[in-house]
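Inspection log for the structure reproduced underneath, given as structure tokens.
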Amino acid sequence: AQSVTQLGSHVSVSEGALVLLRCNYSSSVPPYLFWYVQYPNQGLQLLLKYTSAATLVKGINGFEAEFKKSETSFHLTKPSAHMSDAAEYFCAVSDRWWTGGFKTIFGAGTRLFVKA
Amino acid sequence: EAQVTQNPRYLITVTGKKLTVTCSQNMNHEYMSWYRQDPGLGLRQIYYSMNVEVTDKGDVPEGYKVSRKEKRNFPLILESPSPNQTSLYFCASSQTRQGVTGANVLTFGAGSRLTVL
């Protein structure tokens, strides 16, 4: 069965500092991996996705994530935090079914605080 | 604009009073799904639909019903709401054709915050 673990329900960084949000997954098949971001009072938006191409994936707003199969990790990073990055971030893993369907499992989320 | 629209955005109701949360998407997506979001638990899937007239249970289906009579609509029905269904609900859709940009990527509605007293 698939699962996703996000380490740290809250992360606080100073503006301009490195952002590192940790995600480990479990999957019996090569997974699709995603990071979604949720701003206050909004739905989730796709930040980036890994679908078995390049292991380093670049997303929107300067975020990137690296797929490490040996560590079953997909950590999200950004070199320099901006105040507008304050939001909740969800890591997700998705499989694929022979019927063409899929199931997406979400982590519990990490809330990012950015201090001025 | 490509979007998923949910209504109502906010609702306060009482135990046992049937309610429906509507969801509509304009992207011709085959796949639609309902999630509930609770603090510390992330998003949990309630029901999903692979296409018209095809629905199936997710991880937390108890107390909910859905239907998919048209491709664009996927309403969530609470026949007899209870306080433990107080939550933030999200509808999402995706295309499922593999090899196409956007496959497996979920597009979410803005959410519906439901309080059951």
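By order of appearance in the structure tokens: chains A, B, ..., then residues from 1 within every chain, and ligands from 1 in the order shown.
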
**Asked** If we count only C-alpha atoms, which residues of chain A reach to within 6 Å of chain B? Please list them as number ranges by chain.
**Response** A: 42-44, 106-109

Restricting the output to all heavy atoms, write the selected residues as a compact mmCIF listing (two decimals), in the first residue's frame.
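Below you can see selection_17.txt, which holds the result:
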```
# COMPACT_ATOMS: atom_id res chain seq x y z
N GLN A 42 -7.97 28.81 0.02
CA GLN A 42 -7.94 28.37 -1.37
C GLN A 42 -7.81 26.85 -1.45
O GLN A 42 -7.47 26.20 -0.46
CB GLN A 42 -6.78 29.02 -2.12
CG GLN A 42 -6.88 30.53 -2.26
CD GLN A 42 -5.76 31.09 -3.11
OE1 GLN A 42 -5.22 30.40 -3.99
NE2 GLN A 42 -5.41 32.34 -2.87
N GLY A 43 -8.05 26.33 -2.62
CA GLY A 43 -7.81 24.92 -2.86
C GLY A 43 -6.34 24.66 -3.10
O GLY A 43 -5.52 25.58 -3.09
N LEU A 44 -6.00 23.40 -3.30
CA LEU A 44 -4.60 23.05 -3.55
C LEU A 44 -4.23 23.32 -5.00
O LEU A 44 -5.06 23.15 -5.90
CB LEU A 44 -4.37 21.55 -3.24
CG LEU A 44 -4.23 21.16 -1.78
CD1 LEU A 44 -5.54 21.29 -1.03
CD2 LEU A 44 -3.68 19.74 -1.66
N PHE A 106 -2.28 11.63 0.09
CA PHE A 106 -1.65 12.86 0.53
C PHE A 106 -1.00 12.68 1.90
O PHE A 106 -1.49 11.94 2.76
CB PHE A 106 -2.69 13.98 0.63
CG PHE A 106 -3.17 14.46 -0.69
CD1 PHE A 106 -4.23 13.83 -1.34
CD2 PHE A 106 -2.58 15.55 -1.31
CE1 PHE A 106 -4.68 14.27 -2.58
CE2 PHE A 106 -3.02 16.01 -2.55
CZ PHE A 106 -4.06 15.36 -3.18
N GLY A 107 0.10 13.42 2.10
CA GLY A 107 0.68 13.52 3.42
C GLY A 107 -0.16 14.45 4.28
O GLY A 107 -1.12 15.06 3.81
N ALA A 108 0.21 14.56 5.54
CA ALA A 108 -0.58 15.36 6.49
C ALA A 108 -0.38 16.86 6.32
O ALA A 108 -1.13 17.65 6.88
CB ALA A 108 -0.24 14.95 7.92
N GLY A 109 0.64 17.23 5.55
CA GLY A 109 0.86 18.65 5.29
C GLY A 109 1.91 19.26 6.20
O GLY A 109 2.09 18.83 7.34
```

**Message:** Residues within 7 Å of segment 16-27 of chain A, please, as a list in words. Count only C-alpha atoms; anything in the same chain fewer than 6 positions from it doesn't count.
**Reply:** Ala1, Gln2, Ser3, Val4, Thr5, Gln6, Leu7, Thr72, Ser73, Phe74, His75, Leu76, Thr77, Lys78, Pro79, Ser80, Ala81, His82 and Cys91 of chain A

Deliver the residues from the most recent selection as a file, using all heavy atoms, as a compact mmCIF listing (two decimals), in the first residue's frame.
```
# COMPACT_ATOMS: atom_id res chain seq x y z
N ALA A 1 0.85 -1.19 0.00
CA ALA A 1 0.00 0.00 0.00
C ALA A 1 0.88 1.25 0.00
O ALA A 1 1.99 1.24 0.51
CB ALA A 1 -0.90 0.00 1.23
N GLN A 2 0.33 2.27 -0.59
CA GLN A 2 1.08 3.51 -0.64
C GLN A 2 0.90 4.31 0.64
O GLN A 2 -0.15 4.24 1.29
CB GLN A 2 0.60 4.36 -1.81
CG GLN A 2 0.86 3.76 -3.17
CD GLN A 2 0.27 4.63 -4.24
OE1 GLN A 2 -0.90 4.98 -4.19
NE2 GLN A 2 1.06 4.98 -5.22
N SER A 3 1.92 5.11 0.96
CA SER A 3 1.81 6.04 2.08
C SER A 3 2.78 7.18 1.88
O SER A 3 3.74 7.07 1.10
CB SER A 3 2.08 5.34 3.41
OG SER A 3 3.42 4.93 3.49
N VAL A 4 2.50 8.27 2.57
CA VAL A 4 3.35 9.46 2.49
C VAL A 4 3.55 10.00 3.90
O VAL A 4 2.59 10.14 4.65
CB VAL A 4 2.70 10.56 1.62
CG1 VAL A 4 3.56 11.81 1.62
CG2 VAL A 4 2.49 10.06 0.20
N THR A 5 4.79 10.30 4.23
CA THR A 5 5.11 10.88 5.53
C THR A 5 5.82 12.21 5.33
O THR A 5 6.85 12.27 4.67
CB THR A 5 6.01 9.95 6.35
OG1 THR A 5 5.37 8.68 6.52
CG2 THR A 5 6.29 10.55 7.72
N GLN A 6 5.24 13.25 5.88
CA GLN A 6 5.89 14.56 5.84
C GLN A 6 6.45 14.82 7.24
O GLN A 6 5.71 14.76 8.23
CB GLN A 6 4.89 15.64 5.45
CG GLN A 6 4.46 15.54 4.00
CD GLN A 6 3.56 16.68 3.58
OE1 GLN A 6 2.43 16.48 3.17
NE2 GLN A 6 4.07 17.91 3.69
N LEU A 7 7.72 15.10 7.29
CA LEU A 7 8.39 15.31 8.57
C LEU A 7 8.27 16.76 8.98
O LEU A 7 8.81 17.65 8.31
CB LEU A 7 9.87 14.90 8.46
CG LEU A 7 10.08 13.43 8.10
CD1 LEU A 7 11.54 13.12 7.92
CD2 LEU A 7 9.47 12.54 9.17
N THR A 72 13.83 6.68 -0.73
CA THR A 72 12.36 6.84 -0.87
C THR A 72 11.95 8.23 -0.41
O THR A 72 11.02 8.40 0.39
CB THR A 72 11.57 5.76 -0.12
OG1 THR A 72 11.87 5.82 1.28
CG2 THR A 72 11.89 4.38 -0.65
N SER A 73 12.64 9.23 -0.93
CA SER A 73 12.36 10.60 -0.51
C SER A 73 12.06 11.49 -1.70
O SER A 73 12.46 11.21 -2.85
CB SER A 73 13.54 11.17 0.28
OG SER A 73 14.66 11.37 -0.57
N PHE A 74 11.38 12.58 -1.42
CA PHE A 74 11.03 13.58 -2.46
C PHE A 74 10.94 14.92 -1.75
O PHE A 74 9.90 15.54 -1.67
CB PHE A 74 9.72 13.18 -3.13
CG PHE A 74 9.40 13.97 -4.38
CD1 PHE A 74 10.28 14.00 -5.45
CD2 PHE A 74 8.19 14.65 -4.50
CE1 PHE A 74 9.98 14.71 -6.61
CE2 PHE A 74 7.88 15.36 -5.64
CZ PHE A 74 8.78 15.39 -6.70
N HIS A 75 12.06 15.39 -1.24
CA HIS A 75 12.09 16.63 -0.46
C HIS A 75 11.96 17.86 -1.35
O HIS A 75 12.52 17.92 -2.44
CB HIS A 75 13.38 16.72 0.35
CG HIS A 75 13.60 15.58 1.29
ND1 HIS A 75 12.56 14.87 1.88
CD2 HIS A 75 14.75 14.99 1.73
CE1 HIS A 75 13.06 13.92 2.65
NE2 HIS A 75 14.38 13.96 2.58
N LEU A 76 11.28 18.85 -0.84
CA LEU A 76 11.03 20.10 -1.57
C LEU A 76 11.98 21.18 -1.05
O LEU A 76 12.14 21.34 0.16
CB LEU A 76 9.58 20.55 -1.34
CG LEU A 76 9.13 21.84 -2.04
CD1 LEU A 76 9.02 21.61 -3.55
CD2 LEU A 76 7.79 22.30 -1.47
N THR A 77 12.62 21.91 -1.96
CA THR A 77 13.54 22.96 -1.55
C THR A 77 13.32 24.23 -2.35
O THR A 77 12.76 24.21 -3.46
CB THR A 77 15.01 22.53 -1.74
OG1 THR A 77 15.23 22.24 -3.12
CG2 THR A 77 15.36 21.31 -0.90
N LYS A 78 13.75 25.33 -1.75
CA LYS A 78 13.80 26.62 -2.43
C LYS A 78 14.97 27.38 -1.83
O LYS A 78 15.08 27.47 -0.60
CB LYS A 78 12.50 27.41 -2.26
CG LYS A 78 12.51 28.74 -2.99
CD LYS A 78 11.17 29.45 -2.92
CE LYS A 78 11.23 30.78 -3.66
NZ LYS A 78 9.93 31.49 -3.66
N PRO A 79 15.88 27.90 -2.63
CA PRO A 79 17.11 28.50 -2.10
C PRO A 79 16.87 29.70 -1.19
O PRO A 79 17.58 29.89 -0.21
CB PRO A 79 17.87 28.92 -3.36
CG PRO A 79 17.31 28.09 -4.46
CD PRO A 79 15.87 27.87 -4.11
N SER A 80 15.85 30.50 -1.50
CA SER A 80 15.66 31.75 -0.78
C SER A 80 14.16 31.98 -0.56
O SER A 80 13.42 32.23 -1.51
CB SER A 80 16.26 32.91 -1.58
OG SER A 80 16.03 34.15 -0.93
N ALA A 81 13.75 31.92 0.71
CA ALA A 81 12.32 32.05 1.02
C ALA A 81 11.84 33.48 0.85
O ALA A 81 12.56 34.45 1.14
CB ALA A 81 12.06 31.59 2.45
N HIS A 82 10.60 33.58 0.42
CA HIS A 82 9.94 34.88 0.28
C HIS A 82 8.69 34.87 1.14
O HIS A 82 8.11 33.80 1.37
CB HIS A 82 9.58 35.11 -1.20
CG HIS A 82 9.13 36.49 -1.51
ND1 HIS A 82 7.82 36.89 -1.38
CD2 HIS A 82 9.82 37.58 -1.92
CE1 HIS A 82 7.72 38.17 -1.70
NE2 HIS A 82 8.91 38.61 -2.04
N CYS A 91 2.73 16.84 0.24
CA CYS A 91 3.37 15.86 -0.62
C CYS A 91 2.35 14.78 -0.94
O CYS A 91 1.51 14.44 -0.08
CB CYS A 91 4.58 15.26 0.09
SG CYS A 91 5.53 14.08 -0.86
```

**Prompt:** Which of these, B:Asn7, B:Asn28, B:Thr13, B:Thr115, has the shortest distance to Asn84 of chain B once you count only C-alpha atoms?
**Reply:** B:Thr115

**Item:** Coordinates-based distance that separates atom CA of Thr55 of chain B from atom CA of Tyr35 of chain B (Å, one decimal)
**Value:** 14.1 Å

**Ile60 of chain A environment, 10 Å, only C-alpha atoms, sequence neighbours closer than 4 positions dropped, as a count of residues only** = 4

**Request:** Write out as a PyMOL selection string which residues come within 9 Å of Leu78 of chain B when counting only C-alpha atoms, dropping same-chain ones fewer than 5 positions away.
**Result:** chain B and resi 16-21+63-66+85

Keeping only N, CA and C atoms, write the selected residues as a PDB file, in the first residue's frame.
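So the final result, stored in part.pdb, reads:
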```pdb
ATOM      1  N   GLY B  16     -28.728  15.822  10.965  1.00  0.00           N
ATOM      2  CA  GLY B  16     -29.854  15.161  10.335  1.00  0.00           C
ATOM      3  C   GLY B  16     -30.484  15.874   9.157  1.00  0.00           C
ATOM      4  N   LYS B  17     -30.105  17.089   8.893  1.00  0.00           N
ATOM      5  CA  LYS B  17     -30.712  17.838   7.780  1.00  0.00           C
ATOM      6  C   LYS B  17     -29.913  17.594   6.509  1.00  0.00           C
ATOM      7  N   LYS B  18     -30.532  16.906   5.556  1.00  0.00           N
ATOM      8  CA  LYS B  18     -29.855  16.519   4.321  1.00  0.00           C
ATOM      9  C   LYS B  18     -29.288  17.727   3.600  1.00  0.00           C
ATOM     10  N   LEU B  19     -28.101  17.569   3.057  1.00  0.00           N
ATOM     11  CA  LEU B  19     -27.520  18.647   2.265  1.00  0.00           C
ATOM     12  C   LEU B  19     -26.713  18.078   1.106  1.00  0.00           C
ATOM     13  N   THR B  20     -26.546  18.924   0.098  1.00  0.00           N
ATOM     14  CA  THR B  20     -25.780  18.564  -1.093  1.00  0.00           C
ATOM     15  C   THR B  20     -24.757  19.648  -1.368  1.00  0.00           C
ATOM     16  N   VAL B  21     -23.523  19.246  -1.612  1.00  0.00           N
ATOM     17  CA  VAL B  21     -22.469  20.150  -2.050  1.00  0.00           C
ATOM     18  C   VAL B  21     -22.229  19.866  -3.529  1.00  0.00           C
ATOM     19  N   GLY B  63     -21.327   7.707   5.522  1.00  0.00           N
ATOM     20  CA  GLY B  63     -22.136   8.901   5.729  1.00  0.00           C
ATOM     21  C   GLY B  63     -22.266   9.794   4.515  1.00  0.00           C
ATOM     22  N   TYR B  64     -21.683   9.384   3.400  1.00  0.00           N
ATOM     23  CA  TYR B  64     -21.708  10.191   2.175  1.00  0.00           C
ATOM     24  C   TYR B  64     -22.265   9.386   1.010  1.00  0.00           C
ATOM     25  N   LYS B  65     -22.826  10.104   0.050  1.00  0.00           N
ATOM     26  CA  LYS B  65     -23.235   9.513  -1.220  1.00  0.00           C
ATOM     27  C   LYS B  65     -22.790  10.441  -2.339  1.00  0.00           C
ATOM     28  N   VAL B  66     -22.634   9.884  -3.527  1.00  0.00           N
ATOM     29  CA  VAL B  66     -22.301  10.686  -4.698  1.00  0.00           C
ATOM     30  C   VAL B  66     -23.080  10.157  -5.887  1.00  0.00           C
ATOM     31  N   GLN B  85     -18.852  15.079  10.729  1.00  0.00           N
ATOM     32  CA  GLN B  85     -18.671  15.427   9.320  1.00  0.00           C
ATOM     33  C   GLN B  85     -18.353  16.908   9.138  1.00  0.00           C
TER      34      GLN B  85
END
```
